[in-house]
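Comments concern the structure below.
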Amino acid sequence: MRNNRRSHGLWALTAPPAPETAPLTAETAADIVVIGGGYTGLSAALHLAEGGARVALLEASEIGFGGSGRNVGLVNAGMWLMPDALPDALRAPFGERLLEQLGRGPQTVFELIEKHDIECEVERAGTLHCAVGRKGLEEIEARAEQWQKRGAPVLVLNAEATHRKVGGGDYTGALLDNRAGTIQPLAYARGLARAALAMGARIFTQSEAIVAQHNGLRWRVGTESGSVEADWVVVATDAYGKGLWSEIRQEQIQLPYFNFATPSLPDDLRKSILPERQGVWDTREVLSSFRLDRSGRLVFGSVGALEGMGQSIHRAWAQRSLRKLFPGLRGVQFEAGWFGMIGMTSDNLPRLHKLDRNVIGFSGYNGRGIAPGTVFGSVLASYVLGQIAENDLPLPVTAVERRRFRVAQEAFYTAASQLFHLMDSRSDRLGNSVGTLSSQQYGTMPRSEYRCHRLHVCLTERTNE
């Protein structure tokens with residue numbers, strides 16, 4: 001983390017220091033061993049310790065190393081699926097139960113931040129899901145209607161009101177979710193760790209779990225230089241997992257997502273761009289997101305990896321896109337850039353797995369890790385402590401689903417996102433949207449660019465599957 005500017009970028013530069021931790025170097029005992037130092041694992045460790053359990057957490061790298069320290073920082077409610085789709089996708093009573101718990105997810109996050117005095121630049125002004133075109137407007141109107149009938153404080157803004165909230169762009173509308181907000185994501189992870197330590201949990205970093213054995217009574221989880229003996233194992237490695245129970249990682253397609261951050265904006269731009277400090281993402285097939293940090297830096301991101309040619313391609317596209325959104329940013333450069341991986345399941349829903357006797361974990365957040373990870377960590381703690389039964393969990397227990405052609409699909413998304421941003425830039429210059437080029441333009445387009453265009457169409461189609 002400290003040696004790679006493209007892993008955690010701005011968040012590593014501005015987060016409070018991580019609490020002091022060290023590798024596991026001896027044999028120890030606990031009631032529960034948690035594997036993974038992201039939101040789910042840290043939330044589980046905190047709530048387990050609050051419940052009186054002896055907890056040892058093993059993190060292969062550093063606190064918040066995976067998606068928890070790299071994401072945009074939008075604290076959203078629910079999942080990607082439409083609210084009405086969840087009861088159909090999950091048998092009763094899980095669909096509505098999951099909606100209820102994740103609908104309250106942002107509130108759970110904010111309450112933890114307040115309770116444990118976590119310094120993470122929390123903003124509770126809501127988020128804006130901005131509509132692109134008529135189709136996008138129809139999407140957010142349907143989503144708003146489905147949340148409103150469940151009593152959620154969401155509303156649809158028209159184009160004019162959206163422009164005032166955003167301070168730019170030509171969106172056709174936006175869904176304002178007043179439950180939501182933004183945080184500094186790495187700072188939040190470190191704050192959860194500090195709170196868990198204060199409650200008596202033990203956290204061992206640079207301590208990859210490499211072997212696990214069950215002696216008929218308890219588990220022994222070993223690292224390179226130590227081991228933990230415990231009754232329960234909570235697996236919270238999600239899309240970054242490897243080694244032990246790595247099948248969780250293998251049932252997800254890793255989708256790369258990058259972010260760039262500007263220097264602190266001048267006062268006049270701070271007052272005009274996102275004046276109320278909502279976080280934003282849009283309805284495009286290959287979406288973009290942006291928000292301000294506490295110091296007035298604009299953080300802008302989209303699908304793609306900042307590796308190889310992707311570094312220059314995505315940077316150039318992001319600069320053009322920002323100038324188009326906010327003409328006042330012409331000439332503004334980026335002071336930080338980083339990327340991470342989103343774990344996508346086949347149906348865009350999270351998973352609950354019992355991986356072995358007394359081994360359990362949630363995974364597959366599909367780009368919605370902050371609130372769900374926090375909530376599910378608390379749920380795991382309640383289950384392991386015997387406070388809730390299996391029938392009270394928000395998801396049914398399912399078997400691990402191995403994804404076919406996973407490696408090929410991941411390579412495709414990385415390459416195709418570069419081609420998409422190349423073609424999107426070209427279409428801006430032509431005054432057309434990519435995917436709707438005329439037959440005359442097809443006929444005059446160089447063969448290499450035609451292939452790029454077809455790959456873009458394929459990317460957007462697959463993204464919608």
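Letters A, B, ... go to the chains of the structure tokens in the order shown; residues in each chain start at 1; ligands are counted from 1 in the same order.
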Strand (DSSP E or B) positions in region 116-233 of chain A, given as a ChimeraX atom specification:
/A:123,127-131,154-158,173-177,181-182,202-204,211-214,219-222,227-230,232-233
Quick one: everything within 8 Å of region 146-158 of chain A, counting only C-alpha atoms, minus sequence neighbours fewer than 4 positions away in the same chain. Send it as a PyMOL selection string.
chain A and resi 82-84+103+140-142+162+172-179
If we count only C-alpha atoms, what is near Arg291 (chain A) at a cut-off of 7 Å, once residues fewer than 3 positions away on the same chain are taken out, given as a PyMOL selection string?
chain A and resi 278-280+298-300
If we count only C-alpha atoms and set the cut-off at 7 Å, which residues sit around Leu46 (chain A), ignoring sequence neighbours fewer than 3 positions away in its own chain? Please answer as a ChimeraX atom specification.
/A:42-43,49-50,195-196,199,201
Could you give me the residues within region 96-318 of chain A that DSSP places in helix (DSSP H, G or I), as an MDAnalysis selection string?
chainID A and resid 96:103 105:115 133:148 159:166 185:198 238:240 247:250 267:272 310:318
Please list as a PDB file with C-alpha atoms, in the first residue's frame every residue within 7 Å of region 3-12 of chain A, counting only C-alpha atoms and excluding residues in the same chain fewer than 4 positions away.
ATOM      1  CA  GLY A  69      -9.335   0.946   0.796  1.00  0.00           C
ATOM      2  CA  ARG A  70      -9.680   1.622  -2.935  1.00  0.00           C
ATOM      3  CA  GLN A 184     -13.096   8.466   3.082  1.00  0.00           C
ATOM      4  CA  LEU A 186      -9.630   3.769   3.834  1.00  0.00           C
ATOM      5  CA  ALA A 261      -8.262  13.001  -7.922  1.00  0.00           C
ATOM      6  CA  ALA A 336      -3.437  11.009  -7.703  1.00  0.00           C
ATOM      7  CA  GLY A 337      -4.708   7.960  -9.576  1.00  0.00           C
ATOM      8  CA  TRP A 338      -5.446   4.457  -8.325  1.00  0.00           C
ATOM      9  CA  PHE A 339      -7.578   1.415  -9.077  1.00  0.00           C
ATOM     10  CA  GLY A 340      -8.987  -1.736  -7.555  1.00  0.00           C
TER      11      GLY A 340
END
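Restricting the calculation to only C-alpha atoms, the smallest distance between Arg320 (chain A) and any of A:Leu99, A:Ala125, A:Val332, A:Ile273 is found for A:Val332.
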Pick out the residues sitting within 7 Å of region 52-58 of chain A, and hand them over as a ChimeraX atom specification; count only C-alpha atoms, and ignore anything fewer than 3 positions along from it in its own chain.
/A:30-36,45,48-49,201-205,207-209
Write out as a PyMOL selection string which residues come within 10 Å of Arg270 (chain A) when counting only C-alpha atoms, dropping same-chain ones fewer than 5 positions away.
chain A and resi 167+264-265+275-277+292+295-298
